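One file, query.cif, carrying mmCIF, C-alpha atoms and all ligand atoms:
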data_target
#
loop_
_atom_site.group_PDB
_atom_site.id
_atom_site.type_symbol
_atom_site.label_atom_id
_atom_site.label_comp_id
_atom_site.auth_asym_id
_atom_site.auth_seq_id
_atom_site.Cartn_x
_atom_site.Cartn_y
_atom_site.Cartn_z
ATOM 1 C CA MET D 1 19.000 -8.262 31.208
ATOM 2 C CA PRO D 2 18.251 -6.098 34.294
ATOM 3 C CA LYS D 3 14.647 -4.969 34.044
ATOM 4 C CA GLN D 4 15.199 -1.550 35.549
ATOM 5 C CA GLY D 5 17.688 -0.251 33.033
ATOM 6 C CA PHE D 6 15.616 -0.871 29.944
ATOM 7 C CA GLN D 7 12.087 0.474 30.004
ATOM 8 C CA PRO D 8 10.872 1.069 26.480
ATOM 9 C CA PHE D 9 7.632 2.898 25.790
ATOM 10 C CA MET D 10 5.640 3.514 22.652
ATOM 11 C CA GLU D 11 5.880 6.875 20.984
ATOM 12 C CA SER D 12 3.930 7.976 17.925
ATOM 13 C CA PRO D 13 6.117 9.169 15.025
ATOM 14 C CA LEU D 14 4.189 12.450 15.268
ATOM 15 C CA HIS D 15 4.595 12.849 19.038
ATOM 16 C CA HIS D 16 6.794 15.931 18.628
ATOM 17 C CA PHE D 17 3.867 17.853 17.098
ATOM 18 C CA LYS D 18 1.995 17.475 20.426
ATOM 19 C CA LEU D 19 -1.277 16.973 18.551
ATOM 20 C CA ASP D 20 -3.227 16.197 21.735
ATOM 21 C CA ALA D 21 -2.563 19.685 23.085
ATOM 22 C CA GLU D 22 -3.837 21.223 19.847
ATOM 23 C CA ALA D 23 -6.871 18.963 19.339
ATOM 24 C CA GLN D 24 -10.360 20.431 19.526
ATOM 25 C CA ALA D 25 -13.875 19.121 18.995
ATOM 26 C CA ARG D 26 -14.653 18.934 15.296
ATOM 27 C CA ARG D 27 -16.959 21.536 13.777
ATOM 28 C CA ALA D 28 -18.477 21.789 10.303
ATOM 29 C CA ASP D 29 -16.761 25.095 9.552
ATOM 30 C CA GLY D 30 -15.241 24.380 6.135
ATOM 31 C CA ARG D 31 -11.793 23.758 7.563
ATOM 32 C CA ILE D 32 -9.706 20.634 7.087
ATOM 33 C CA TRP D 33 -9.812 18.467 10.211
ATOM 34 C CA CYS D 34 -7.084 15.952 10.784
ATOM 35 C CA ASN D 35 -5.409 13.877 13.456
ATOM 36 C CA GLU D 36 -3.330 10.780 13.884
ATOM 37 C CA LEU D 37 -4.644 7.420 15.098
ATOM 38 C CA PRO D 38 -1.489 6.385 16.965
ATOM 39 C CA HIS D 39 -0.289 2.959 18.075
ATOM 40 C CA LEU D 40 -2.577 0.755 15.992
ATOM 41 C CA GLY D 41 -1.476 -2.755 15.050
ATOM 42 C CA TYR D 42 -0.612 -3.552 11.424
ATOM 43 C CA ALA D 43 0.235 -6.896 9.880
ATOM 44 C CA VAL D 44 0.894 -7.926 6.302
ATOM 45 C CA LEU D 45 -0.711 -11.243 5.337
ATOM 46 C CA ARG D 46 0.759 -13.157 2.441
ATOM 47 C CA GLY D 47 -0.969 -16.154 1.005
ATOM 48 C CA ASP D 48 -2.261 -17.965 -2.020
ATOM 49 C CA THR D 49 -5.998 -17.651 -2.614
ATOM 50 C CA ALA D 50 -5.869 -20.908 -4.595
ATOM 51 C CA GLU D 51 -5.311 -22.703 -1.275
ATOM 52 C CA ALA D 52 -8.796 -23.164 0.131
ATOM 53 C CA GLY D 53 -7.767 -23.090 3.796
ATOM 54 C CA PHE D 54 -6.157 -19.641 3.623
ATOM 55 C CA ALA D 55 -9.199 -17.393 3.222
ATOM 56 C CA GLN D 56 -11.139 -19.663 5.559
ATOM 57 C CA LEU D 57 -8.585 -19.390 8.342
ATOM 58 C CA VAL D 58 -8.276 -15.616 7.979
ATOM 59 C CA GLN D 59 -12.057 -15.260 8.240
ATOM 60 C CA GLN D 60 -12.213 -17.653 11.168
ATOM 61 C CA VAL D 61 -9.503 -15.856 13.172
ATOM 62 C CA THR D 62 -10.279 -12.216 12.352
ATOM 63 C CA GLY D 63 -13.970 -12.355 11.493
ATOM 64 C CA LEU D 64 -13.087 -10.445 8.311
ATOM 65 C CA ALA D 65 -13.685 -11.829 4.828
ATOM 66 C CA LEU D 66 -10.543 -11.893 2.680
ATOM 67 C CA PRO D 67 -11.132 -9.166 0.043
ATOM 68 C CA LEU D 68 -10.385 -10.526 -3.425
ATOM 69 C CA GLN D 69 -11.225 -7.486 -5.539
ATOM 70 C CA ALA D 70 -8.431 -4.953 -6.224
ATOM 71 C CA GLY D 71 -8.471 -2.238 -3.545
ATOM 72 C CA ALA D 72 -11.379 -3.709 -1.582
ATOM 73 C CA VAL D 73 -11.500 -3.345 2.203
ATOM 74 C CA SER D 74 -13.265 -5.728 4.602
ATOM 75 C CA GLN D 75 -14.545 -3.996 7.715
ATOM 76 C CA GLY D 76 -15.732 -5.170 11.091
ATOM 77 C CA PRO D 77 -16.003 -3.809 14.630
ATOM 78 C CA GLN D 78 -12.545 -5.246 15.379
ATOM 79 C CA GLY D 79 -10.605 -3.862 12.435
ATOM 80 C CA VAL D 80 -10.086 -3.808 8.688
ATOM 81 C CA LEU D 81 -8.481 -6.112 6.162
ATOM 82 C CA MET D 82 -7.327 -4.448 2.945
ATOM 83 C CA TRP D 83 -6.365 -5.856 -0.443
ATOM 84 C CA THR D 84 -2.913 -4.505 -1.277
ATOM 85 C CA SER D 85 -1.833 -7.005 -3.940
ATOM 86 C CA PRO D 86 -3.228 -10.266 -5.396
ATOM 87 C CA ASP D 87 -1.293 -12.195 -2.727
ATOM 88 C CA GLU D 88 -0.943 -9.589 0.027
ATOM 89 C CA TRP D 89 -3.344 -8.019 2.480
ATOM 90 C CA LEU D 90 -2.940 -5.497 5.291
ATOM 91 C CA LEU D 91 -4.664 -6.184 8.572
ATOM 92 C CA VAL D 92 -5.257 -3.223 10.907
ATOM 93 C CA SER D 93 -6.605 -3.576 14.415
ATOM 94 C CA HIS D 94 -5.963 -2.821 18.062
ATOM 95 C CA ARG D 95 -2.326 -3.603 18.782
ATOM 96 C CA GLN D 96 -2.965 -6.259 21.403
ATOM 97 C CA ARG D 97 -5.661 -7.967 19.348
ATOM 98 C CA LEU D 98 -3.463 -7.934 16.270
ATOM 99 C CA ALA D 99 -0.672 -9.649 18.189
ATOM 100 C CA ASP D 100 -3.159 -12.354 19.269
ATOM 101 C CA TRP D 101 -4.478 -12.727 15.724
ATOM 102 C CA THR D 102 -1.068 -13.062 14.070
ATOM 103 C CA ALA D 103 -0.080 -15.757 16.579
ATOM 104 C CA GLN D 104 -3.281 -17.664 15.797
ATOM 105 C CA LEU D 105 -2.850 -17.195 12.053
ATOM 106 C CA ASP D 106 0.768 -18.359 12.054
ATOM 107 C CA GLY D 107 -0.239 -21.380 14.119
ATOM 108 C CA GLY D 108 -3.030 -22.183 11.669
ATOM 109 C CA PHE D 109 -0.810 -21.713 8.614
ATOM 110 C CA ALA D 110 1.742 -24.116 10.096
ATOM 111 C CA ALA D 111 -0.865 -26.668 11.163
ATOM 112 C CA GLN D 112 -2.507 -26.729 7.730
ATOM 113 C CA GLN D 113 0.832 -26.443 5.915
ATOM 114 C CA LEU D 114 -0.386 -23.406 4.004
ATOM 115 C CA PHE D 115 2.023 -21.363 1.889
ATOM 116 C CA ALA D 116 1.233 -18.232 3.888
ATOM 117 C CA GLN D 117 2.733 -15.938 6.498
ATOM 118 C CA THR D 118 2.095 -12.859 8.611
ATOM 119 C CA VAL D 119 4.554 -10.003 9.072
ATOM 120 C CA ASP D 120 3.951 -7.570 11.912
ATOM 121 C CA SER D 121 4.544 -4.021 10.648
ATOM 122 C CA SER D 122 3.087 -2.191 13.640
ATOM 123 C CA GLY D 123 6.302 -0.310 14.307
ATOM 124 C CA GLY D 124 6.608 0.858 10.722
ATOM 125 C CA LEU D 125 3.261 2.461 9.900
ATOM 126 C CA THR D 126 0.828 5.034 11.177
ATOM 127 C CA LEU D 127 -2.584 6.321 10.211
ATOM 128 C CA ALA D 128 -4.197 9.753 9.996
ATOM 129 C CA TRP D 129 -7.814 10.730 9.544
ATOM 130 C CA LEU D 130 -8.486 13.595 7.124
ATOM 131 C CA GLY D 131 -11.906 15.204 6.912
ATOM 132 C CA GLY D 132 -13.755 18.414 6.138
ATOM 133 C CA THR D 133 -15.595 19.450 2.986
ATOM 134 C CA GLU D 134 -12.364 20.085 1.042
ATOM 135 C CA HIS D 135 -10.390 17.025 2.147
ATOM 136 C CA ILE D 136 -10.362 15.547 -1.371
ATOM 137 C CA THR D 137 -9.050 18.855 -2.713
ATOM 138 C CA VAL D 138 -6.142 18.629 -0.274
ATOM 139 C CA LEU D 139 -5.225 15.192 -1.616
ATOM 140 C CA ARG D 140 -5.525 16.473 -5.174
ATOM 141 C CA HIS D 141 -2.941 19.155 -4.413
ATOM 142 C CA LEU D 142 -0.482 16.412 -3.471
ATOM 143 C CA GLY D 143 -1.111 13.390 -5.669
ATOM 144 C CA VAL D 144 -2.055 12.357 -9.181
ATOM 145 C CA TYR D 145 -4.819 9.877 -8.377
ATOM 146 C CA ASP D 146 -8.498 10.778 -8.890
ATOM 147 C CA PHE D 147 -9.165 10.640 -5.167
ATOM 148 C CA GLU D 148 -12.854 11.523 -5.511
ATOM 149 C CA SER D 149 -13.365 8.257 -7.407
ATOM 150 C CA ILE D 150 -12.436 5.931 -4.526
ATOM 151 C CA PRO D 151 -15.626 3.951 -3.776
ATOM 152 C CA LEU D 152 -16.775 3.437 -0.195
ATOM 153 C CA GLY D 153 -15.070 0.418 1.316
ATOM 154 C CA HIS D 154 -12.028 0.757 -0.940
ATOM 155 C CA MET D 155 -8.456 1.906 -0.642
ATOM 156 C CA VAL D 156 -5.907 3.084 -3.153
ATOM 157 C CA SER D 157 -2.157 2.861 -2.883
ATOM 158 C CA THR D 158 -0.466 5.814 -4.576
ATOM 159 C CA VAL D 159 2.013 8.651 -3.976
ATOM 160 C CA LEU D 160 1.553 11.993 -2.224
ATOM 161 C CA GLY D 161 4.543 14.226 -2.894
ATOM 162 C CA LYS D 162 6.645 11.146 -3.783
ATOM 163 C CA ALA D 163 5.818 9.327 -0.524
ATOM 164 C CA THR D 164 3.855 6.091 -0.873
ATOM 165 C CA VAL D 165 0.541 6.241 1.004
ATOM 166 C CA GLN D 166 -2.680 4.281 1.123
ATOM 167 C CA VAL D 167 -5.868 6.329 1.069
ATOM 168 C CA ILE D 168 -8.769 4.436 2.625
ATOM 169 C CA ARG D 169 -12.417 5.424 2.338
ATOM 170 C CA LEU D 170 -14.722 3.579 4.701
ATOM 171 C CA ASP D 171 -17.660 5.979 4.620
ATOM 172 C CA GLY D 172 -18.576 9.389 3.222
ATOM 173 C CA ASP D 173 -17.030 11.152 6.204
ATOM 174 C CA GLY D 174 -13.362 11.810 5.409
ATOM 175 C CA VAL D 175 -10.577 9.408 4.504
ATOM 176 C CA PHE D 176 -7.835 7.569 6.346
ATOM 177 C CA VAL D 177 -4.295 8.110 5.111
ATOM 178 C CA LEU D 178 -1.823 5.345 5.929
ATOM 179 C CA PHE D 179 1.890 6.081 5.685
ATOM 180 C CA ARG D 180 5.266 4.836 6.821
ATOM 181 C CA ARG D 181 6.658 5.849 10.183
ATOM 182 C CA SER D 182 9.858 6.981 8.468
ATOM 183 C CA PHE D 183 7.845 9.390 6.303
ATOM 184 C CA ALA D 184 5.358 10.442 8.982
ATOM 185 C CA ASP D 185 6.860 13.838 9.720
ATOM 186 C CA TYR D 186 7.036 14.625 5.989
ATOM 187 C CA VAL D 187 3.508 13.430 5.152
ATOM 188 C CA TRP D 188 2.003 15.277 8.129
ATOM 189 C CA ARG D 189 3.684 18.554 7.164
ATOM 190 C CA LEU D 190 2.644 17.986 3.545
ATOM 191 C CA LEU D 191 -1.036 17.534 4.494
ATOM 192 C CA ARG D 192 -0.902 20.498 6.801
ATOM 193 C CA ARG D 193 0.684 22.728 4.175
ATOM 194 C CA ALA D 194 -1.769 21.664 1.457
ATOM 195 C CA ALA D 195 -4.700 22.290 3.806
ATOM 196 C CA GLN D 196 -3.542 25.807 4.676
ATOM 197 C CA PRO D 197 -5.725 27.685 2.130
ATOM 198 C CA TYR D 198 -8.853 26.085 3.610
ATOM 199 C CA GLY D 199 -7.840 26.346 7.243
ATOM 200 C CA PHE D 200 -6.358 23.450 9.169
ATOM 201 C CA ALA D 201 -7.365 22.149 12.567
ATOM 202 C CA VAL D 202 -6.440 19.118 14.641
ATOM 203 C CA CYS D 203 -9.560 17.283 15.783
ATOM 204 C CA GLN D 204 -10.130 15.094 18.802
ATOM 205 C CA LEU D 205 -10.456 11.451 17.860
ATOM 206 C CA GLU D 206 -12.018 9.252 20.493
ATOM 207 C CA ALA D 207 -12.348 5.462 20.665
ATOM 208 C CA ARG D 208 -15.735 5.431 18.959
ATOM 209 C CA GLY D 209 -18.088 2.501 19.534
ATOM 210 C CA ASP D 210 -17.863 -0.176 16.882
ATOM 211 C CA HIS D 211 -16.140 1.843 14.156
ATOM 212 C CA PRO D 212 -13.649 -0.419 12.310
ATOM 213 C CA LEU D 213 -10.729 1.937 13.029
ATOM 214 C CA PHE D 214 -11.731 4.481 15.696
ATOM 215 C CA ALA D 215 -12.782 1.628 17.979
ATOM 216 C CA GLN D 216 -9.185 0.361 17.977
ATOM 217 C CA LEU D 217 -7.800 3.496 19.637
ATOM 218 C CA ALA D 218 -7.881 2.227 23.229
ATOM 219 C CA ALA D 219 -4.394 2.265 24.738
ATOM 220 C CA PRO D 220 -2.507 -1.013 24.327
ATOM 221 C CA ARG D 221 -1.160 -2.915 27.314
ATOM 222 C CA PRO D 222 2.344 -1.714 28.177
ATOM 223 C CA SER D 223 3.516 -5.320 28.507
ATOM 224 C CA LEU D 224 3.047 -5.717 24.770
ATOM 225 C CA ILE D 225 5.979 -3.431 24.101
ATOM 226 C CA LEU D 226 8.302 -5.848 25.833
ATOM 227 C CA ALA D 227 6.860 -8.926 24.177
ATOM 228 C CA MET M 1 3.798 11.333 -18.723
ATOM 229 C CA LEU M 2 2.725 7.790 -19.508
ATOM 230 C CA VAL M 3 -0.568 6.421 -18.281
ATOM 231 C CA ILE M 4 -0.094 2.726 -17.616
ATOM 232 C CA THR M 5 -2.823 0.246 -16.784
ATOM 233 C CA CYS M 6 -1.835 -2.165 -14.036
ATOM 234 C CA PRO M 7 -3.281 -5.612 -14.799
ATOM 235 C CA TYR M 8 -3.445 -6.385 -11.068
ATOM 236 C CA CYS M 9 -4.997 -3.121 -9.821
ATOM 237 C CA GLN M 10 -7.058 -3.064 -13.040
ATOM 238 C CA GLU M 11 -6.813 0.690 -13.267
ATOM 239 C CA ALA M 12 -4.994 3.232 -15.411
ATOM 240 C CA ARG M 13 -2.431 5.000 -13.236
ATOM 241 C CA GLU M 14 0.141 7.745 -13.762
ATOM 242 C CA GLU M 15 3.742 6.863 -14.576
ATOM 243 C CA GLU M 16 4.782 8.364 -11.225
ATOM 244 C CA GLU M 17 3.486 5.230 -9.480
ATOM 245 C CA PHE M 18 5.659 2.866 -11.569
ATOM 246 C CA SER M 19 9.288 1.903 -12.011
ATOM 247 C CA TYR M 20 10.761 0.748 -15.282
ATOM 248 C CA ALA M 21 12.126 -2.784 -14.988
ATOM 249 C CA GLY M 22 13.846 -3.374 -18.327
ATOM 250 C CA GLU M 23 13.198 -5.459 -21.414
ATOM 251 C CA ALA M 24 10.738 -8.307 -20.960
ATOM 252 C CA TYR M 25 11.145 -11.981 -21.794
ATOM 253 C CA ILE M 26 14.917 -12.182 -22.014
ATOM 254 C CA ALA M 27 15.543 -15.904 -22.362
ATOM 255 C CA ARG M 28 18.088 -17.356 -19.955
ATOM 256 C CA PRO M 29 20.405 -19.938 -21.580
ATOM 257 C CA ALA M 30 18.475 -23.208 -21.496
ATOM 258 C CA VAL M 31 21.470 -25.314 -20.450
ATOM 259 C CA PRO M 32 23.508 -22.970 -18.228
ATOM 260 C CA GLU M 33 26.402 -25.419 -17.751
ATOM 261 C CA GLU M 34 27.043 -25.518 -21.473
ATOM 262 C CA ALA M 35 26.656 -21.806 -22.278
ATOM 263 C CA ASP M 36 29.935 -20.104 -23.255
ATOM 264 C CA ASP M 37 31.078 -16.652 -22.157
ATOM 265 C CA ALA M 38 29.747 -14.959 -25.289
ATOM 266 C CA THR M 39 26.283 -16.415 -24.673
ATOM 267 C CA TRP M 40 26.344 -15.295 -21.039
ATOM 268 C CA GLY M 41 27.614 -11.881 -22.098
ATOM 269 C CA ASP M 42 24.700 -11.472 -24.500
ATOM 270 C CA TYR M 43 22.225 -12.671 -21.890
ATOM 271 C CA VAL M 44 23.428 -10.217 -19.290
ATOM 272 C CA PHE M 45 24.217 -7.149 -21.431
ATOM 273 C CA HIS M 46 22.770 -7.404 -24.923
ATOM 274 C CA ARG M 47 19.390 -5.714 -25.394
ATOM 275 C CA LYS M 48 17.136 -5.310 -28.439
ATOM 276 C CA ASN M 49 16.702 -1.531 -27.995
ATOM 277 C CA PRO M 50 14.309 -1.317 -30.976
ATOM 278 C CA ARG M 51 12.972 1.735 -32.756
ATOM 279 C CA GLY M 52 9.320 0.763 -32.589
ATOM 280 C CA TRP M 53 7.302 -1.655 -30.518
ATOM 281 C CA HIS M 54 9.080 -2.869 -27.398
ATOM 282 C CA TRP M 55 8.052 -5.458 -24.833
ATOM 283 C CA GLU M 56 9.135 -4.205 -21.445
ATOM 284 C CA GLN M 57 8.555 -4.732 -17.742
ATOM 285 C CA TRP M 58 7.124 -2.182 -15.354
ATOM 286 C CA GLN M 59 6.697 -2.477 -11.614
ATOM 287 C CA HIS M 60 3.773 -0.864 -9.798
ATOM 288 C CA VAL M 61 5.976 0.229 -6.894
ATOM 289 C CA ALA M 62 3.518 2.635 -5.285
ATOM 290 C CA GLY M 63 0.584 0.247 -5.714
ATOM 291 C CA CYS M 64 0.499 -3.540 -5.714
ATOM 292 C CA ARG M 65 4.312 -3.800 -6.247
ATOM 293 C CA LYS M 66 3.834 -6.417 -8.978
ATOM 294 C CA VAL M 67 5.965 -6.560 -12.135
ATOM 295 C CA PHE M 68 4.030 -6.909 -15.389
ATOM 296 C CA ALA M 69 4.527 -6.643 -19.160
ATOM 297 C CA VAL M 70 3.823 -3.548 -21.278
ATOM 298 C CA LYS M 71 4.076 -3.271 -25.061
ATOM 299 C CA ARG M 72 5.165 0.300 -25.765
ATOM 300 C CA HIS M 73 6.269 2.123 -28.924
ATOM 301 C CA THR M 74 9.673 3.704 -28.335
ATOM 302 C CA VAL M 75 9.091 6.504 -30.875
ATOM 303 C CA THR M 76 5.460 7.497 -30.299
ATOM 304 C CA TYR M 77 5.309 6.277 -26.664
ATOM 305 C CA GLU M 78 1.992 4.689 -27.539
ATOM 306 C CA ILE M 79 1.085 1.772 -25.279
ATOM 307 C CA ALA M 80 -0.547 -1.191 -27.006
ATOM 308 C CA GLY M 81 -1.483 -2.887 -23.767
ATOM 309 C CA SER M 82 -0.321 -4.319 -20.476
ATOM 310 C CA TRP M 83 -0.580 -7.875 -19.204
ATOM 311 C CA THR M 84 0.589 -10.079 -16.387
ATOM 312 C CA LEU M 85 3.980 -11.561 -17.297
ATOM 313 C CA ALA M 86 2.361 -14.941 -18.015
ATOM 314 C CA ASP M 87 -0.436 -13.561 -20.214
ATOM 315 C CA GLY M 88 1.948 -11.236 -22.062
ATOM 316 C CA LYS M 89 4.423 -13.996 -22.773
ATOM 317 C CA ALA M 90 1.895 -15.954 -24.833
ATOM 318 C CA LEU M 91 1.276 -12.871 -27.006
ATOM 319 C CA TYR M 92 4.977 -12.081 -27.199
ATOM 320 C CA LEU M 93 5.886 -15.589 -28.345
ATOM 321 C CA LYS M 94 3.116 -15.508 -30.948
ATOM 322 C CA GLU M 95 4.484 -12.211 -32.294
ATOM 323 C CA GLN M 96 8.049 -13.539 -32.405
ATOM 324 C CA ALA M 97 7.054 -16.726 -34.197
HETATM 325 ZN ZN ZN X 1 -0.931 -2.488 -9.439
#
Could I get this file's structure written as structure tokens?
Amino acid sequence: MPKQGFQPFMESPLHHFKLDAEAQARRADGRIWCNELPHLGYAVLRGDTAEAGFAQLVQQVTGLALPLQAGAVSQGPQGVLMWTSPDEWLLVSHRQRLADWTAQLDGGFAAQQLFAQTVDSSGGLTLAWLGGTEHITVLRHLGVYDFESIPLGHMVSTVLGKATVQVIRLDGDGVFVLFRRSFADYVWRLLRRAAQPYGFAVCQLEARGDHPLFAQLAAPRPSLILA
Amino acid sequence: MLVITCPYCQEAREEEEFSYAGEAYIARPAVPEEADDATWGDYVFHRKNPRGWHWEQWQHVAGCRKVFAVKRHTVTYEIAGSWTLADGKALYLKEQA
């Protein structure tokens, strides 16, 4: 294939909202602050916890302990690993690192003949951060779950206005909302609409130190798109 | 609205998160080669549809996406409990015996 004719580039599913142009430094002013964390890497891990090598290999490759408790999230400076089902986990990290990890994991699964696999879902998901004093109230407008009861280091998979989302709480400061690319426009407008009574603002999100998710924001290598 | 406890997520969740997945523990003909058309017809189409306690399957589509067993009363909508399919089957068979 001629290289010049086909030059794909990554585009966030929310690119048409031009969030960067709207983003401002976050203030504690009672408003809802929100923005997307675009272009992260996502992979589904499937495996059997009864096979000793599985959890071991995952820990060895990613540095993250395989969470065994329903809804638990393992965190580290390089990403998060979330329990989504008794035999499924979602790994979120920097896109390039995730690609390296999944290659290593698949190699390890094959070498040890483990009944396990990875599925790269990076193109199908995106993540938003939602904060501000009333951010739980916003979620309550949209979904039936008791969002205030999510413990730190846990996630819940539920529906917001019929769209399946995962709400992840890593610390006391806001939540991360994970949703499908195909529903991104809908979920974003839904959050924005529900936040309207409190005031809504798009905040700047920078690649922050060793935060499990904000640290993964650095731009991925363009070559990865062609891989 | 039903509140169903998912045995995998170990939490009571709203019906909105689940999908109904039909009657539970429908026995497939043990020797398929020898089953006649009437037997296959019953297996595929015939359901108990009781007025009272009903063993049924629900899928936690918005959560862990697992299918599990629920014992629900079709008149009062009361839910006696929910189990993994394996755990529920032991109870179901005991009840049927
Ligand atoms: Zn569940």
Test item: chain D residues at most 12 Å from chain M, counting all atoms listed in the file, as a PyMOL selection string: chain D and resi 68-72+82-90+143-147+149-150+154-167+179
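For the set M:Glu34, M:Trp83, M:Lys89, M:Tyr77, the residue with the smallest atom-to-atom gap to Val3 (chain M) is M:Tyr77, counting only C-alpha atoms.
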Could you spell out the hits of the PyMOL selection byres (((chain D and resi 109) around 12) and not hetatm) on the shown file, as number ranges by chain? D: 45-48, 51-58, 61, 102-108, 110-118
With 6 Å as the threshold, what does the neighbourhood of (9.8, -1.5, -13.5) contain in terms of residues, counting all atoms listed in the file? Coordinates are those of the file; answer as a ChimeraX atom specification. /M:19-21,57-59
What lies within 8 Å of Val202 (chain D) using all atoms listed in the file, ignoring chain neighbours under 6 positions off, as an MDAnalysis selection string? chainID D and resid 19 22:24 33:35
Selected residues written out, C-alpha atoms, as a PDB file, keeping the file's coordinate frame:
ATOM      1  CA  LEU D  19      -1.277  16.973  18.551  1.00  0.00           C
ATOM      2  CA  GLU D  22      -3.837  21.223  19.847  1.00  0.00           C
ATOM      3  CA  ALA D  23      -6.871  18.963  19.339  1.00  0.00           C
ATOM      4  CA  GLN D  24     -10.360  20.431  19.526  1.00  0.00           C
ATOM      5  CA  TRP D  33      -9.812  18.467  10.211  1.00  0.00           C
ATOM      6  CA  CYS D  34      -7.084  15.952  10.784  1.00  0.00           C
ATOM      7  CA  ASN D  35      -5.409  13.877  13.456  1.00  0.00           C
TER       8      ASN D  35
END
Quick check on the file I pasted: which residues fall under the PyMOL selection byres (((chain D and resi 15) around 12) and not hetatm)? Write them as a list in words.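 Expected selection for the PyMOL selection byres (((chain D and resi 15) around 12) and not hetatm) here is Met10, Glu11, Ser12, Pro13, Leu14, His16, Phe17, Lys18, Leu19, Asp20, Ala21, Glu22, Asn35, Glu36, Leu37, Pro38, His39, Thr126, Arg181, Ala184, Asp185 and Trp188 of chain D.
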Would you output that residue set with C-alpha atoms, as an mmCIF file, keeping the file's coordinate frame?
data_model
loop_
_atom_site.group_PDB
_atom_site.id
_atom_site.type_symbol
_atom_site.label_atom_id
_atom_site.label_comp_id
_atom_site.auth_asym_id
_atom_site.auth_seq_id
_atom_site.Cartn_x
_atom_site.Cartn_y
_atom_site.Cartn_z
ATOM 1 C CA MET D 10 5.640 3.514 22.652
ATOM 2 C CA GLU D 11 5.880 6.875 20.984
ATOM 3 C CA SER D 12 3.930 7.976 17.925
ATOM 4 C CA PRO D 13 6.117 9.169 15.025
ATOM 5 C CA LEU D 14 4.189 12.450 15.268
ATOM 6 C CA HIS D 16 6.794 15.931 18.628
ATOM 7 C CA PHE D 17 3.867 17.853 17.098
ATOM 8 C CA LYS D 18 1.995 17.475 20.426
ATOM 9 C CA LEU D 19 -1.277 16.973 18.551
ATOM 10 C CA ASP D 20 -3.227 16.197 21.735
ATOM 11 C CA ALA D 21 -2.563 19.685 23.085
ATOM 12 C CA GLU D 22 -3.837 21.223 19.847
ATOM 13 C CA ASN D 35 -5.409 13.877 13.456
ATOM 14 C CA GLU D 36 -3.330 10.780 13.884
ATOM 15 C CA LEU D 37 -4.644 7.420 15.098
ATOM 16 C CA PRO D 38 -1.489 6.385 16.965
ATOM 17 C CA HIS D 39 -0.289 2.959 18.075
ATOM 18 C CA THR D 126 0.828 5.034 11.177
ATOM 19 C CA ARG D 181 6.658 5.849 10.183
ATOM 20 C CA ALA D 184 5.358 10.442 8.982
ATOM 21 C CA ASP D 185 6.860 13.838 9.720
ATOM 22 C CA TRP D 188 2.003 15.277 8.129
#
Please, what distance in Å, to one decimal, runs between CA of Ala43 (chain D) and CA of Ala69 (chain M)?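 That distance, rounded to one decimal, is 29.4 Å.
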Two-atom distance - CA of Leu91 (chain M), CA of His46 (chain M) (Å): 22.3 Å
For ligand ZN 1 (chain X), which of M:Trp55, M:Pro7, M:Glu95, M:Asn49 is the closest residue, counting only C-alpha atoms and all ligand atoms? M:Pro7
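Atom to atom, CA of Val92 (chain D) and CA of Pro212 (chain D) stand 9.0 Å apart.
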Using all atoms listed in the file, can you tell me which of M:Phe45, M:Ile4, M:Pro29, M:Lys71 comes closest to ligand ZN 1 (chain X)?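 Distance minimum relative to ligand ZN 1 (chain X) lands on M:Ile4.
Among the candidates M:Ile79, M:Val67, M:Ala86, M:Ala30, the one nearest to ligand ZN 1 (chain X) when counting only C-alpha atoms and all ligand atoms is M:Val67.
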Can you list, as a list in words, the residues that the PyMOL selection byres (((chain D and resi 191-199) around 8) and not hetatm) selects here? Gly30, Arg31, Ile32, Glu134, His135, Val138, Leu139, His141, Leu142, Val187, Trp188, Arg189, Leu190, Phe200 and Ala201 of chain D
Residue subset to file, keeping C-alpha atoms, as a compact mmCIF listing (two decimals), in the coordinates of the input:
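again.txt written:
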# COMPACT_ATOMS: atom_id res chain seq x y z
CA GLY D 30 -15.24 24.38 6.14
CA ARG D 31 -11.79 23.76 7.56
CA ILE D 32 -9.71 20.63 7.09
CA GLU D 134 -12.36 20.08 1.04
CA HIS D 135 -10.39 17.02 2.15
CA VAL D 138 -6.14 18.63 -0.27
CA LEU D 139 -5.22 15.19 -1.62
CA HIS D 141 -2.94 19.16 -4.41
CA LEU D 142 -0.48 16.41 -3.47
CA VAL D 187 3.51 13.43 5.15
CA TRP D 188 2.00 15.28 8.13
CA ARG D 189 3.68 18.55 7.16
CA LEU D 190 2.64 17.99 3.54
CA PHE D 200 -6.36 23.45 9.17
CA ALA D 201 -7.36 22.15 12.57
Pick the closest to ligand ZN 1 (chain X) from M:Leu2, M:Thr84, M:Ala90, M:Glu23: which is it, counting all atoms listed in the file? M:Thr84
Might you pull out every residue within 7 Å of His54 (chain M), with all atoms listed in the file counted and same-chain residues fewer than 5 positions away left off, and present them as a PyMOL selection string? chain M and resi 71-74
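Take the candidates M:Phe68, M:Trp53, M:Asp36, M:Asp87 and check each one against ligand ZN 1 (chain X) using all atoms listed in the file; the shortest distance goes to M:Phe68.
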Skip Leu98 (chain D) itself and residues of its chain fewer than 4 positions away, then list as a list in words all residues within 6 Å of it, counting all atoms listed in the file.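 Non-adjacent residues within range: Gly41, Ser93 and His94 of chain D.
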Counting all atoms listed in the file, find the residues whose atoms lie at most 9 Å from (-9.2, -3.6, 14.5) (file coordinates) and write them out as a list in words.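 Looking at atoms near the point gives Leu40, Gly41, Thr62, Gln75, Gly76, Pro77, Gln78, Gly79, Val80, Leu81, Leu91, Val92, Ser93, His94, Arg95, Arg97, Leu98, His211, Pro212, Leu213, Phe214, Ala215, Gln216 and Leu217 of chain D.
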